[in-house]
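Comments concern the structure below.
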Amino acid sequence: MDTVQKLASGFSLDLGPLKEPLGFIRVLEWVFTIFAFSTTGGYFGTTHFTVKCGDKEPQDVKAAFAYPFRLSAYPYKIPLCNGGQSNETYLQGDFSSSAEFFVCVSVFGFLYCTATLVLYLGYQNVYRQTTRGPIIDLVVTAAFAFLWLVSSSAWGKGLTDVKWATNPEHLVESCKDICHPGEFPSMGRLTASVIFGFLNLILWAGNCWFIYKETPFHKDPNPPVTMEEGEAPNPQQ
């Protein structure tokens with residue numbers, strides 16, 4: 001209870017930092033991290049192709065898949081022309097590691113942005129009164145910039161593989177005589193997620209400069225004495 005009371009008593013809302021690059025860019029990071037994980041997590045798609053046996057009506061085959069893109073867990077059935085039981089086939093590939101890593105970085109980035117915005121806007125005096133706050137903020141922000149680079153690159157490659165594995169033209173290769181490619185799955189939001197990932201990389205890397213300006217590495221701890229503050233220099237003889 002004492003800790004809660006101290007935190008409550010020390011809270012002082014000040015929207016001034018939002019007018020500065022440090023706070024404004026952090027808000028942009030907060031928004032773009034939401035876009036990053038919301039466009040990836042919860043995705044559900046379907047790829048289509050048709051099976052035509054002689055003079056019979058074409059039969060539509062749908063293969064569904066979803067985040068985290070363990071495609072080998074999603075079966076689909078291909079009708080047989082001899083009237084027998086449908087042949088159950090599975091999509092190929094497991095791209096869950098890159099997708100889950102990307103979403104994990106996005107979620108933790110969102111939580112860090114939320115925490116630092118509370119610190120910037122409510123505890124600005126605590127953030128600036130010591131050098132520890134800006135230094136820790138700089139290190140964590142730089143680490144997230146690196147994680148955005150790695151996760152966005154990995155997820156970009158993973159998405160390329162997902163598109164190939166769910167391409168109807170690729171799926172019909174096993175039954176070219178009777179199968180015909182259909183509608184390609186809609187993946188616009190997944191493409192957008194990769195774009196948001198690299199935008200986050202730019203934002204987090206750029207924000208390192210403005211955080212660096214708050215650290216003692218940029219500020220001179222012993223500024224030179226001005227003419228007004230110090231003694232006037234002796235005139236040369």
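Labels used: A, B, ... for chains in the order of the structure tokens, numbers from 1 for residues in each chain, and numbers from 1 for ligands as shown.
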- Message: If we count only C-alpha atoms and set the cut-off at 10 Å, which residues sit around Phe108 (chain A), ignoring sequence neighbours fewer than 6 positions away in its own chain? Please answer as a VMD selection string.
- Response: chain A and resid 33 114 144
Could I get the residues of region 101-157 of chain A with an atom no further than 9 Å from an atom of region 189-195 of chain A, each paired with its nearest atom pair and that distance in Å to one decimal, using only C-alpha atoms, sorted by chain and residue number, as a tab-separated table?
```
residue	atom	partner	partner_atom	distance
A:Ser152	CA	A:Val194	CA	6.0
A:Ser153	CA	A:Val194	CA	8.1
A:Trp155	CA	A:Val194	CA	6.9
A:Gly156	CA	A:Val194	CA	5.9
```
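Nearest residue to Cys208 (chain A), choosing from A:Gly93, A:Pro21, A:Pro58, A:Pro79 and counting only C-alpha atoms: A:Pro21.
Compared by their closest atoms to Met187 (chain A), and using only C-alpha atoms, the residues A:Ala64, A:Leu15, A:Cys175, A:Leu159 rank with A:Leu159 nearest.
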Considering only C-alpha atoms, give me a table of residues in region 111-186 of chain A that are at most 12 Å from region 48-56 of chain A, with the closest atom pair and distance in Å for each, as a Markdown table.
```
| residue | atom | partner | partner_atom | distance |
| --- | --- | --- | --- | --- |
| A:Thr166 | CA | A:His48 | CA | 9.0 |
| A:Asn167 | CA | A:His48 | CA | 8.8 |
| A:Pro168 | CA | A:Phe49 | CA | 6.0 |
| A:Glu169 | CA | A:Phe49 | CA | 8.3 |
| A:His170 | CA | A:Phe49 | CA | 10.3 |
| A:Leu171 | CA | A:Phe49 | CA | 8.1 |
| A:Val172 | CA | A:Phe49 | CA | 7.4 |
| A:Glu173 | CA | A:Phe49 | CA | 11.1 |
| A:Ser174 | CA | A:Val51 | CA | 11.8 |
| A:Cys175 | CA | A:Val51 | CA | 8.8 |
| A:Lys176 | CA | A:Val51 | CA | 9.5 |
| A:Asp177 | CA | A:Lys52 | CA | 8.9 |
| A:Ile178 | CA | A:Lys52 | CA | 5.3 |
| A:Cys179 | CA | A:Val51 | CA | 4.5 |
| A:His180 | CA | A:Thr50 | CA | 5.2 |
| A:Pro181 | CA | A:Phe49 | CA | 4.5 |
| A:Gly182 | CA | A:Phe49 | CA | 4.2 |
| A:Glu183 | CA | A:His48 | CA | 5.3 |
| A:Phe184 | CA | A:His48 | CA | 6.7 |
| A:Pro185 | CA | A:His48 | CA | 7.6 |
| A:Ser186 | CA | A:His48 | CA | 11.0 |
```
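Proximity of A:Leu22, A:Phe69, A:Tyr43, A:Phe101 to Lys213 (chain A), computed with only C-alpha atoms, is greatest for A:Leu22.
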- All alpha helix (DSSP H) residues (DSSP, backbone) inside region 16-177 of chain A, as a ChimeraX atom specification: /A:21-40,96-122,124-129,132-165,168-171
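Across the model, the gap from CA of Ala165 (chain A) to CA of Asp60 (chain A) is 18.6 Å.
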Would you pick out the contacts of region 72-77 of chain A at 12 Å or less, using only C-alpha atoms, so that residues sharing its chain but fewer than 4 positions from it are not included, and give the list as a PDB file with all heavy atoms, in the first residue's frame?
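New file out14.pdb:
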```
ATOM      1  N   PHE A  44      -6.719 -15.632 -40.799  1.00  0.00           N
ATOM      2  CA  PHE A  44      -7.309 -16.871 -41.308  1.00  0.00           C
ATOM      3  C   PHE A  44      -7.488 -16.726 -42.811  1.00  0.00           C
ATOM      4  O   PHE A  44      -8.047 -15.731 -43.284  1.00  0.00           O
ATOM      5  CB  PHE A  44      -8.666 -17.146 -40.648  1.00  0.00           C
ATOM      6  CG  PHE A  44      -9.330 -18.409 -41.135  1.00  0.00           C
ATOM      7  CD1 PHE A  44      -9.032 -19.631 -40.551  1.00  0.00           C
ATOM      8  CD2 PHE A  44     -10.237 -18.369 -42.189  1.00  0.00           C
ATOM      9  CE1 PHE A  44      -9.628 -20.798 -41.004  1.00  0.00           C
ATOM     10  CE2 PHE A  44     -10.838 -19.531 -42.647  1.00  0.00           C
ATOM     11  CZ  PHE A  44     -10.526 -20.756 -42.056  1.00  0.00           C
ATOM     12  N   GLY A  45      -6.965 -17.684 -43.552  1.00  0.00           N
ATOM     13  CA  GLY A  45      -7.047 -17.622 -45.008  1.00  0.00           C
ATOM     14  C   GLY A  45      -7.459 -18.951 -45.610  1.00  0.00           C
ATOM     15  O   GLY A  45      -7.401 -19.996 -44.947  1.00  0.00           O
ATOM     16  N   THR A  46      -7.863 -18.913 -46.874  1.00  0.00           N
ATOM     17  CA  THR A  46      -8.286 -20.116 -47.592  1.00  0.00           C
ATOM     18  C   THR A  46      -7.765 -20.058 -49.019  1.00  0.00           C
ATOM     19  O   THR A  46      -7.885 -19.026 -49.687  1.00  0.00           O
ATOM     20  CB  THR A  46      -9.824 -20.240 -47.628  1.00  0.00           C
ATOM     21  OG1 THR A  46     -10.337 -20.180 -46.304  1.00  0.00           O
ATOM     22  CG2 THR A  46     -10.237 -21.568 -48.258  1.00  0.00           C
ATOM     23  N   THR A  47      -7.171 -21.149 -49.461  1.00  0.00           N
ATOM     24  CA  THR A  47      -6.737 -21.256 -50.845  1.00  0.00           C
ATOM     25  C   THR A  47      -7.656 -22.229 -51.585  1.00  0.00           C
ATOM     26  O   THR A  47      -8.197 -23.169 -50.981  1.00  0.00           O
ATOM     27  CB  THR A  47      -5.272 -21.729 -50.922  1.00  0.00           C
ATOM     28  OG1 THR A  47      -4.853 -21.730 -52.285  1.00  0.00           O
ATOM     29  CG2 THR A  47      -5.090 -23.118 -50.327  1.00  0.00           C
ATOM     30  N   HIS A  48      -7.876 -21.987 -52.875  1.00  0.00           N
ATOM     31  CA  HIS A  48      -8.875 -22.748 -53.638  1.00  0.00           C
ATOM     32  C   HIS A  48      -8.257 -23.362 -54.890  1.00  0.00           C
ATOM     33  O   HIS A  48      -7.365 -22.788 -55.513  1.00  0.00           O
ATOM     34  CB  HIS A  48     -10.021 -21.828 -54.089  1.00  0.00           C
ATOM     35  CG  HIS A  48     -10.736 -21.149 -52.973  1.00  0.00           C
ATOM     36  ND1 HIS A  48     -11.959 -21.557 -52.490  1.00  0.00           N
ATOM     37  CD2 HIS A  48     -10.408 -20.067 -52.223  1.00  0.00           C
ATOM     38  CE1 HIS A  48     -12.349 -20.760 -51.511  1.00  0.00           C
ATOM     39  NE2 HIS A  48     -11.412 -19.845 -51.333  1.00  0.00           N
ATOM     40  N   PHE A  49      -8.778 -24.530 -55.251  1.00  0.00           N
ATOM     41  CA  PHE A  49      -8.573 -25.076 -56.591  1.00  0.00           C
ATOM     42  C   PHE A  49      -9.736 -26.020 -56.899  1.00  0.00           C
ATOM     43  O   PHE A  49     -10.507 -26.378 -55.996  1.00  0.00           O
ATOM     44  CB  PHE A  49      -7.216 -25.787 -56.727  1.00  0.00           C
ATOM     45  CG  PHE A  49      -7.035 -26.997 -55.858  1.00  0.00           C
ATOM     46  CD1 PHE A  49      -7.384 -28.271 -56.299  1.00  0.00           C
ATOM     47  CD2 PHE A  49      -6.483 -26.879 -54.589  1.00  0.00           C
ATOM     48  CE1 PHE A  49      -7.206 -29.389 -55.512  1.00  0.00           C
ATOM     49  CE2 PHE A  49      -6.305 -27.996 -53.786  1.00  0.00           C
ATOM     50  CZ  PHE A  49      -6.660 -29.250 -54.237  1.00  0.00           C
ATOM     51  N   THR A  50      -9.907 -26.367 -58.141  1.00  0.00           N
ATOM     52  CA  THR A  50     -11.044 -27.190 -58.556  1.00  0.00           C
ATOM     53  C   THR A  50     -10.573 -28.525 -59.100  1.00  0.00           C
ATOM     54  O   THR A  50      -9.460 -28.646 -59.635  1.00  0.00           O
ATOM     55  CB  THR A  50     -11.889 -26.469 -59.626  1.00  0.00           C
ATOM     56  OG1 THR A  50     -11.052 -26.173 -60.756  1.00  0.00           O
ATOM     57  CG2 THR A  50     -12.468 -25.182 -59.078  1.00  0.00           C
ATOM     58  N   VAL A  51     -11.429 -29.523 -58.954  1.00  0.00           N
ATOM     59  CA  VAL A  51     -11.184 -30.862 -59.485  1.00  0.00           C
ATOM     60  C   VAL A  51     -12.284 -31.180 -60.488  1.00  0.00           C
ATOM     61  O   VAL A  51     -13.473 -31.135 -60.146  1.00  0.00           O
ATOM     62  CB  VAL A  51     -11.158 -31.917 -58.366  1.00  0.00           C
ATOM     63  CG1 VAL A  51     -10.996 -33.324 -58.953  1.00  0.00           C
ATOM     64  CG2 VAL A  51     -10.046 -31.629 -57.371  1.00  0.00           C
ATOM     65  N   GLN A  59     -15.529 -29.686 -58.950  1.00  0.00           N
ATOM     66  CA  GLN A  59     -15.709 -29.659 -57.497  1.00  0.00           C
ATOM     67  C   GLN A  59     -14.659 -28.731 -56.879  1.00  0.00           C
ATOM     68  O   GLN A  59     -13.465 -28.852 -57.186  1.00  0.00           O
ATOM     69  CB  GLN A  59     -15.580 -31.057 -56.904  1.00  0.00           C
ATOM     70  CG  GLN A  59     -16.580 -32.047 -57.463  1.00  0.00           C
ATOM     71  CD  GLN A  59     -16.445 -33.412 -56.804  1.00  0.00           C
ATOM     72  OE1 GLN A  59     -16.622 -33.551 -55.588  1.00  0.00           O
ATOM     73  NE2 GLN A  59     -16.138 -34.438 -57.599  1.00  0.00           N
ATOM     74  N   ASP A  60     -15.136 -27.840 -56.034  1.00  0.00           N
ATOM     75  CA  ASP A  60     -14.251 -26.864 -55.413  1.00  0.00           C
ATOM     76  C   ASP A  60     -13.576 -27.466 -54.183  1.00  0.00           C
ATOM     77  O   ASP A  60     -14.246 -28.072 -53.337  1.00  0.00           O
ATOM     78  CB  ASP A  60     -15.045 -25.613 -55.021  1.00  0.00           C
ATOM     79  CG  ASP A  60     -14.143 -24.484 -54.556  1.00  0.00           C
ATOM     80  OD1 ASP A  60     -12.998 -24.409 -55.044  1.00  0.00           O
ATOM     81  OD2 ASP A  60     -14.573 -23.684 -53.698  1.00  0.00           O
ATOM     82  N   VAL A  61     -12.274 -27.314 -54.105  1.00  0.00           N
ATOM     83  CA  VAL A  61     -11.505 -27.796 -52.955  1.00  0.00           C
ATOM     84  C   VAL A  61     -10.942 -26.583 -52.221  1.00  0.00           C
ATOM     85  O   VAL A  61     -10.301 -25.725 -52.827  1.00  0.00           O
ATOM     86  CB  VAL A  61     -10.358 -28.730 -53.396  1.00  0.00           C
ATOM     87  CG1 VAL A  61      -9.541 -29.169 -52.179  1.00  0.00           C
ATOM     88  CG2 VAL A  61     -10.900 -29.925 -54.145  1.00  0.00           C
ATOM     89  N   LYS A  62     -11.195 -26.523 -50.924  1.00  0.00           N
ATOM     90  CA  LYS A  62     -10.718 -25.410 -50.115  1.00  0.00           C
ATOM     91  C   LYS A  62      -9.748 -25.920 -49.059  1.00  0.00           C
ATOM     92  O   LYS A  62     -10.052 -26.881 -48.350  1.00  0.00           O
ATOM     93  CB  LYS A  62     -11.886 -24.692 -49.431  1.00  0.00           C
ATOM     94  CG  LYS A  62     -12.877 -24.051 -50.391  1.00  0.00           C
ATOM     95  CD  LYS A  62     -13.990 -23.352 -49.637  1.00  0.00           C
ATOM     96  CE  LYS A  62     -14.979 -22.698 -50.589  1.00  0.00           C
ATOM     97  NZ  LYS A  62     -16.083 -22.026 -49.858  1.00  0.00           N
ATOM     98  N   ALA A  63      -8.609 -25.268 -48.978  1.00  0.00           N
ATOM     99  CA  ALA A  63      -7.608 -25.602 -47.960  1.00  0.00           C
ATOM    100  C   ALA A  63      -7.434 -24.388 -47.056  1.00  0.00           C
ATOM    101  O   ALA A  63      -6.926 -23.349 -47.487  1.00  0.00           O
ATOM    102  CB  ALA A  63      -6.283 -25.993 -48.605  1.00  0.00           C
ATOM    103  N   ALA A  64      -7.904 -24.504 -45.818  1.00  0.00           N
ATOM    104  CA  ALA A  64      -7.848 -23.382 -44.875  1.00  0.00           C
ATOM    105  C   ALA A  64      -6.565 -23.438 -44.055  1.00  0.00           C
ATOM    106  O   ALA A  64      -6.010 -24.517 -43.808  1.00  0.00           O
ATOM    107  CB  ALA A  64      -9.062 -23.407 -43.959  1.00  0.00           C
ATOM    108  N   PHE A  65      -6.095 -22.286 -43.638  1.00  0.00           N
ATOM    109  CA  PHE A  65      -4.911 -22.193 -42.778  1.00  0.00           C
ATOM    110  C   PHE A  65      -5.019 -20.906 -41.973  1.00  0.00           C
ATOM    111  O   PHE A  65      -5.798 -20.009 -42.304  1.00  0.00           O
ATOM    112  CB  PHE A  65      -3.622 -22.214 -43.606  1.00  0.00           C
ATOM    113  CG  PHE A  65      -3.523 -21.095 -44.611  1.00  0.00           C
ATOM    114  CD1 PHE A  65      -2.805 -19.935 -44.319  1.00  0.00           C
ATOM    115  CD2 PHE A  65      -4.160 -21.189 -45.836  1.00  0.00           C
ATOM    116  CE1 PHE A  65      -2.712 -18.907 -45.239  1.00  0.00           C
ATOM    117  CE2 PHE A  65      -4.072 -20.155 -46.762  1.00  0.00           C
ATOM    118  CZ  PHE A  65      -3.352 -19.018 -46.469  1.00  0.00           C
ATOM    119  N   ALA A  66      -4.243 -20.810 -40.921  1.00  0.00           N
ATOM    120  CA  ALA A  66      -4.345 -19.646 -40.023  1.00  0.00           C
ATOM    121  C   ALA A  66      -3.041 -19.457 -39.266  1.00  0.00           C
ATOM    122  O   ALA A  66      -2.128 -20.291 -39.321  1.00  0.00           O
ATOM    123  CB  ALA A  66      -5.511 -19.832 -39.049  1.00  0.00           C
ATOM    124  N   TYR A  67      -2.948 -18.300 -38.583  1.00  0.00           N
ATOM    125  CA  TYR A  67      -1.817 -18.031 -37.685  1.00  0.00           C
ATOM    126  C   TYR A  67      -1.792 -19.117 -36.619  1.00  0.00           C
ATOM    127  O   TYR A  67      -2.854 -19.507 -36.127  1.00  0.00           O
ATOM    128  CB  TYR A  67      -1.990 -16.648 -37.047  1.00  0.00           C
ATOM    129  CG  TYR A  67      -0.967 -16.327 -35.978  1.00  0.00           C
ATOM    130  CD1 TYR A  67       0.276 -15.829 -36.317  1.00  0.00           C
ATOM    131  CD2 TYR A  67      -1.256 -16.557 -34.630  1.00  0.00           C
ATOM    132  CE1 TYR A  67       1.216 -15.546 -35.331  1.00  0.00           C
ATOM    133  CE2 TYR A  67      -0.324 -16.275 -33.651  1.00  0.00           C
ATOM    134  CZ  TYR A  67       0.906 -15.778 -34.003  1.00  0.00           C
ATOM    135  OH  TYR A  67       1.841 -15.505 -33.042  1.00  0.00           O
ATOM    136  N   PRO A  68      -0.669 -19.686 -36.220  1.00  0.00           N
ATOM    137  CA  PRO A  68       0.716 -19.266 -36.515  1.00  0.00           C
ATOM    138  C   PRO A  68       1.355 -19.952 -37.716  1.00  0.00           C
ATOM    139  O   PRO A  68       2.572 -20.060 -37.765  1.00  0.00           O
ATOM    140  CB  PRO A  68       1.443 -19.615 -35.232  1.00  0.00           C
ATOM    141  CG  PRO A  68       0.763 -20.863 -34.760  1.00  0.00           C
ATOM    142  CD  PRO A  68      -0.688 -20.683 -35.127  1.00  0.00           C
ATOM    143  N   GLN A  85     -13.240 -43.016 -51.877  1.00  0.00           N
ATOM    144  CA  GLN A  85     -13.134 -42.058 -50.771  1.00  0.00           C
ATOM    145  C   GLN A  85     -12.131 -40.956 -51.123  1.00  0.00           C
ATOM    146  O   GLN A  85     -11.124 -41.208 -51.776  1.00  0.00           O
ATOM    147  CB  GLN A  85     -12.707 -42.787 -49.495  1.00  0.00           C
ATOM    148  CG  GLN A  85     -12.781 -41.923 -48.245  1.00  0.00           C
ATOM    149  CD  GLN A  85     -12.454 -42.718 -46.994  1.00  0.00           C
ATOM    150  OE1 GLN A  85     -12.056 -43.883 -47.092  1.00  0.00           O
ATOM    151  NE2 GLN A  85     -12.607 -42.092 -45.840  1.00  0.00           N
ATOM    152  N   SER A  86     -12.440 -39.745 -50.708  1.00  0.00           N
ATOM    153  CA  SER A  86     -11.570 -38.603 -51.011  1.00  0.00           C
ATOM    154  C   SER A  86     -10.184 -38.809 -50.412  1.00  0.00           C
ATOM    155  O   SER A  86     -10.025 -39.403 -49.334  1.00  0.00           O
ATOM    156  CB  SER A  86     -12.180 -37.305 -50.468  1.00  0.00           C
ATOM    157  OG  SER A  86     -13.430 -37.056 -51.066  1.00  0.00           O
ATOM    158  N   ASN A  87      -9.199 -38.317 -51.133  1.00  0.00           N
ATOM    159  CA  ASN A  87      -7.818 -38.423 -50.682  1.00  0.00           C
ATOM    160  C   ASN A  87      -7.476 -37.241 -49.785  1.00  0.00           C
ATOM    161  O   ASN A  87      -7.492 -36.092 -50.220  1.00  0.00           O
ATOM    162  CB  ASN A  87      -6.890 -38.461 -51.897  1.00  0.00           C
ATOM    163  CG  ASN A  87      -5.437 -38.599 -51.498  1.00  0.00           C
ATOM    164  OD1 ASN A  87      -5.126 -39.157 -50.440  1.00  0.00           O
ATOM    165  ND2 ASN A  87      -4.540 -38.094 -52.334  1.00  0.00           N
ATOM    166  N   GLU A  88      -7.181 -37.523 -48.509  1.00  0.00           N
ATOM    167  CA  GLU A  88      -6.864 -36.458 -47.552  1.00  0.00           C
ATOM    168  C   GLU A  88      -5.397 -36.060 -47.686  1.00  0.00           C
ATOM    169  O   GLU A  88      -4.502 -36.901 -47.583  1.00  0.00           O
ATOM    170  CB  GLU A  88      -7.174 -36.887 -46.126  1.00  0.00           C
ATOM    171  CG  GLU A  88      -7.026 -35.754 -45.115  1.00  0.00           C
ATOM    172  CD  GLU A  88      -7.501 -36.139 -43.729  1.00  0.00           C
ATOM    173  OE1 GLU A  88      -6.795 -36.921 -43.067  1.00  0.00           O
ATOM    174  OE2 GLU A  88      -8.568 -35.663 -43.312  1.00  0.00           O
ATOM    175  N   THR A  89      -5.158 -34.788 -47.917  1.00  0.00           N
ATOM    176  CA  THR A  89      -3.811 -34.252 -48.104  1.00  0.00           C
ATOM    177  C   THR A  89      -3.600 -33.082 -47.150  1.00  0.00           C
ATOM    178  O   THR A  89      -4.564 -32.442 -46.714  1.00  0.00           O
ATOM    179  CB  THR A  89      -3.619 -33.785 -49.557  1.00  0.00           C
ATOM    180  OG1 THR A  89      -4.005 -34.832 -50.441  1.00  0.00           O
ATOM    181  CG2 THR A  89      -2.168 -33.421 -49.828  1.00  0.00           C
ATOM    182  N   TYR A  90      -2.354 -32.819 -46.824  1.00  0.00           N
ATOM    183  CA  TYR A  90      -2.030 -31.733 -45.902  1.00  0.00           C
ATOM    184  C   TYR A  90      -1.197 -30.669 -46.613  1.00  0.00           C
ATOM    185  O   TYR A  90      -0.400 -30.985 -47.504  1.00  0.00           O
ATOM    186  CB  TYR A  90      -1.247 -32.262 -44.691  1.00  0.00           C
ATOM    187  CG  TYR A  90      -2.072 -33.090 -43.733  1.00  0.00           C
ATOM    188  CD1 TYR A  90      -2.306 -34.428 -43.993  1.00  0.00           C
ATOM    189  CD2 TYR A  90      -2.612 -32.534 -42.582  1.00  0.00           C
ATOM    190  CE1 TYR A  90      -3.057 -35.204 -43.116  1.00  0.00           C
ATOM    191  CE2 TYR A  90      -3.358 -33.285 -41.699  1.00  0.00           C
ATOM    192  CZ  TYR A  90      -3.584 -34.629 -41.967  1.00  0.00           C
ATOM    193  OH  TYR A  90      -4.333 -35.383 -41.110  1.00  0.00           O
ATOM    194  N   LEU A  91      -1.403 -29.434 -46.192  1.00  0.00           N
ATOM    195  CA  LEU A  91      -0.510 -28.375 -46.641  1.00  0.00           C
ATOM    196  C   LEU A  91       0.886 -28.638 -46.081  1.00  0.00           C
ATOM    197  O   LEU A  91       1.040 -29.303 -45.060  1.00  0.00           O
ATOM    198  CB  LEU A  91      -1.020 -27.008 -46.163  1.00  0.00           C
ATOM    199  CG  LEU A  91      -2.351 -26.525 -46.745  1.00  0.00           C
ATOM    200  CD1 LEU A  91      -2.794 -25.245 -46.043  1.00  0.00           C
ATOM    201  CD2 LEU A  91      -2.220 -26.273 -48.240  1.00  0.00           C
ATOM    202  N   GLN A  92       1.886 -28.119 -46.745  1.00  0.00           N
ATOM    203  CA  GLN A  92       3.261 -28.416 -46.373  1.00  0.00           C
ATOM    204  C   GLN A  92       3.952 -27.179 -45.788  1.00  0.00           C
ATOM    205  O   GLN A  92       3.792 -26.073 -46.289  1.00  0.00           O
ATOM    206  CB  GLN A  92       4.048 -28.893 -47.604  1.00  0.00           C
ATOM    207  CG  GLN A  92       3.488 -30.162 -48.229  1.00  0.00           C
ATOM    208  CD  GLN A  92       3.529 -31.345 -47.283  1.00  0.00           C
ATOM    209  OE1 GLN A  92       4.552 -31.590 -46.640  1.00  0.00           O
ATOM    210  NE2 GLN A  92       2.429 -32.085 -47.196  1.00  0.00           N
ATOM    211  N   GLY A  93       4.722 -27.407 -44.709  1.00  0.00           N
ATOM    212  CA  GLY A  93       5.532 -26.338 -44.145  1.00  0.00           C
ATOM    213  C   GLY A  93       5.092 -25.917 -42.750  1.00  0.00           C
ATOM    214  O   GLY A  93       3.909 -25.998 -42.401  1.00  0.00           O
ATOM    215  N   ASP A  94       6.049 -25.469 -41.962  1.00  0.00           N
ATOM    216  CA  ASP A  94       5.794 -24.933 -40.628  1.00  0.00           C
ATOM    217  C   ASP A  94       6.564 -23.617 -40.504  1.00  0.00           C
ATOM    218  O   ASP A  94       7.794 -23.615 -40.387  1.00  0.00           O
ATOM    219  CB  ASP A  94       6.246 -25.922 -39.556  1.00  0.00           C
ATOM    220  CG  ASP A  94       5.913 -25.443 -38.143  1.00  0.00           C
ATOM    221  OD1 ASP A  94       5.464 -24.285 -37.994  1.00  0.00           O
ATOM    222  OD2 ASP A  94       6.111 -26.215 -37.187  1.00  0.00           O
ATOM    223  N   PHE A  95       5.833 -22.516 -40.536  1.00  0.00           N
ATOM    224  CA  PHE A  95       6.450 -21.190 -40.505  1.00  0.00           C
ATOM    225  C   PHE A  95       6.049 -20.441 -39.227  1.00  0.00           C
ATOM    226  O   PHE A  95       6.014 -19.211 -39.203  1.00  0.00           O
ATOM    227  CB  PHE A  95       6.028 -20.393 -41.739  1.00  0.00           C
ATOM    228  CG  PHE A  95       6.206 -21.174 -43.018  1.00  0.00           C
ATOM    229  CD1 PHE A  95       5.124 -21.751 -43.655  1.00  0.00           C
ATOM    230  CD2 PHE A  95       7.461 -21.364 -43.561  1.00  0.00           C
ATOM    231  CE1 PHE A  95       5.275 -22.487 -44.821  1.00  0.00           C
ATOM    232  CE2 PHE A  95       7.635 -22.094 -44.727  1.00  0.00           C
ATOM    233  CZ  PHE A  95       6.540 -22.661 -45.354  1.00  0.00           C
ATOM    234  N   SER A  96       5.751 -21.218 -38.181  1.00  0.00           N
ATOM    235  CA  SER A  96       5.258 -20.627 -36.937  1.00  0.00           C
ATOM    236  C   SER A  96       6.342 -19.873 -36.179  1.00  0.00           C
ATOM    237  O   SER A  96       6.047 -18.891 -35.485  1.00  0.00           O
ATOM    238  CB  SER A  96       4.662 -21.715 -36.039  1.00  0.00           C
ATOM    239  OG  SER A  96       5.639 -22.703 -35.736  1.00  0.00           O
ATOM    240  N   VAL A 162       5.096 -18.885 -46.973  1.00  0.00           N
ATOM    241  CA  VAL A 162       3.667 -19.180 -46.791  1.00  0.00           C
ATOM    242  C   VAL A 162       2.914 -18.968 -48.097  1.00  0.00           C
ATOM    243  O   VAL A 162       2.060 -19.780 -48.497  1.00  0.00           O
ATOM    244  CB  VAL A 162       3.064 -18.305 -45.669  1.00  0.00           C
ATOM    245  CG1 VAL A 162       1.538 -18.419 -45.652  1.00  0.00           C
ATOM    246  CG2 VAL A 162       3.625 -18.708 -44.316  1.00  0.00           C
ATOM    247  N   ALA A 165       3.699 -21.880 -50.381  1.00  0.00           N
ATOM    248  CA  ALA A 165       3.108 -23.144 -49.943  1.00  0.00           C
ATOM    249  C   ALA A 165       1.597 -23.181 -50.126  1.00  0.00           C
ATOM    250  O   ALA A 165       1.012 -24.262 -50.228  1.00  0.00           O
ATOM    251  CB  ALA A 165       3.451 -23.395 -48.471  1.00  0.00           C
ATOM    252  N   THR A 166       0.948 -22.017 -50.149  1.00  0.00           N
ATOM    253  CA  THR A 166      -0.509 -21.970 -50.301  1.00  0.00           C
ATOM    254  C   THR A 166      -0.937 -21.506 -51.695  1.00  0.00           C
ATOM    255  O   THR A 166      -2.123 -21.290 -51.931  1.00  0.00           O
ATOM    256  CB  THR A 166      -1.122 -21.026 -49.247  1.00  0.00           C
ATOM    257  OG1 THR A 166      -0.555 -19.713 -49.392  1.00  0.00           O
ATOM    258  CG2 THR A 166      -0.857 -21.537 -47.838  1.00  0.00           C
ATOM    259  N   LEU A 171      -0.255 -26.172 -55.419  1.00  0.00           N
ATOM    260  CA  LEU A 171      -1.024 -27.271 -54.843  1.00  0.00           C
ATOM    261  C   LEU A 171      -1.512 -28.256 -55.905  1.00  0.00           C
ATOM    262  O   LEU A 171      -1.668 -29.450 -55.626  1.00  0.00           O
ATOM    263  CB  LEU A 171      -2.216 -26.721 -54.053  1.00  0.00           C
ATOM    264  CG  LEU A 171      -1.882 -25.880 -52.812  1.00  0.00           C
ATOM    265  CD1 LEU A 171      -3.158 -25.371 -52.158  1.00  0.00           C
ATOM    266  CD2 LEU A 171      -1.059 -26.689 -51.810  1.00  0.00           C
TER     267      LEU A 171
END
```
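Within region 16-187 of chain A, residues classed as strand (DSSP E or B) by DSSP on backbone coordinates are Phe44, Gly45, Thr46, Thr47, His48, Phe49, Thr50, Val51, Gln59, Asp60, Val61, Lys62, Ala63, Ala64, Phe65, Ala66, Arg70, Pro75, Tyr76, Lys77, Ile78, Asn87, Glu88, Thr89, Tyr90, Asp94, Cys179, His180 and Pro181 of chain A.
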- Message: Can you tell me which residues surround Ser106 (chain A) at a distance of at most 8 Å, considering only C-alpha atoms, apart from same-chain residues fewer than 5 positions away, and format the answer as a PyMOL selection string?
- Response: chain A and resi 33-34+36-37
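For Ile25 (chain A), the list of residues within 8 Å, based on only C-alpha atoms and with local chain neighbours fewer than 4 positions off taken out, reads Pro21, Glu29, Leu203 and Asn207 of chain A.
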Using only C-alpha atoms, please write the residues we just selected to a file, as an mmCIF file, in the first residue's frame.
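Okay, this is what ended up in out06.cif:
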```cif
data_model
loop_
_atom_site.group_PDB
_atom_site.id
_atom_site.type_symbol
_atom_site.label_atom_id
_atom_site.label_comp_id
_atom_site.auth_asym_id
_atom_site.auth_seq_id
_atom_site.Cartn_x
_atom_site.Cartn_y
_atom_site.Cartn_z
ATOM 1 C CA PRO A 21 10.193 14.253 -30.530
ATOM 2 C CA GLU A 29 5.755 3.420 -31.907
ATOM 3 C CA LEU A 203 10.940 4.601 -35.661
ATOM 4 C CA ASN A 207 14.204 7.467 -31.537
#
```
- Query: In Å to one decimal, how far is CA of Val139 (chain A) from CA of Asn125 (chain A)?
  - Reply: 20.1 Å
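Our summary of the geometry notes that CA of Ala142 (chain A) is positioned 22.2 Å from CA of Lys19 (chain A).
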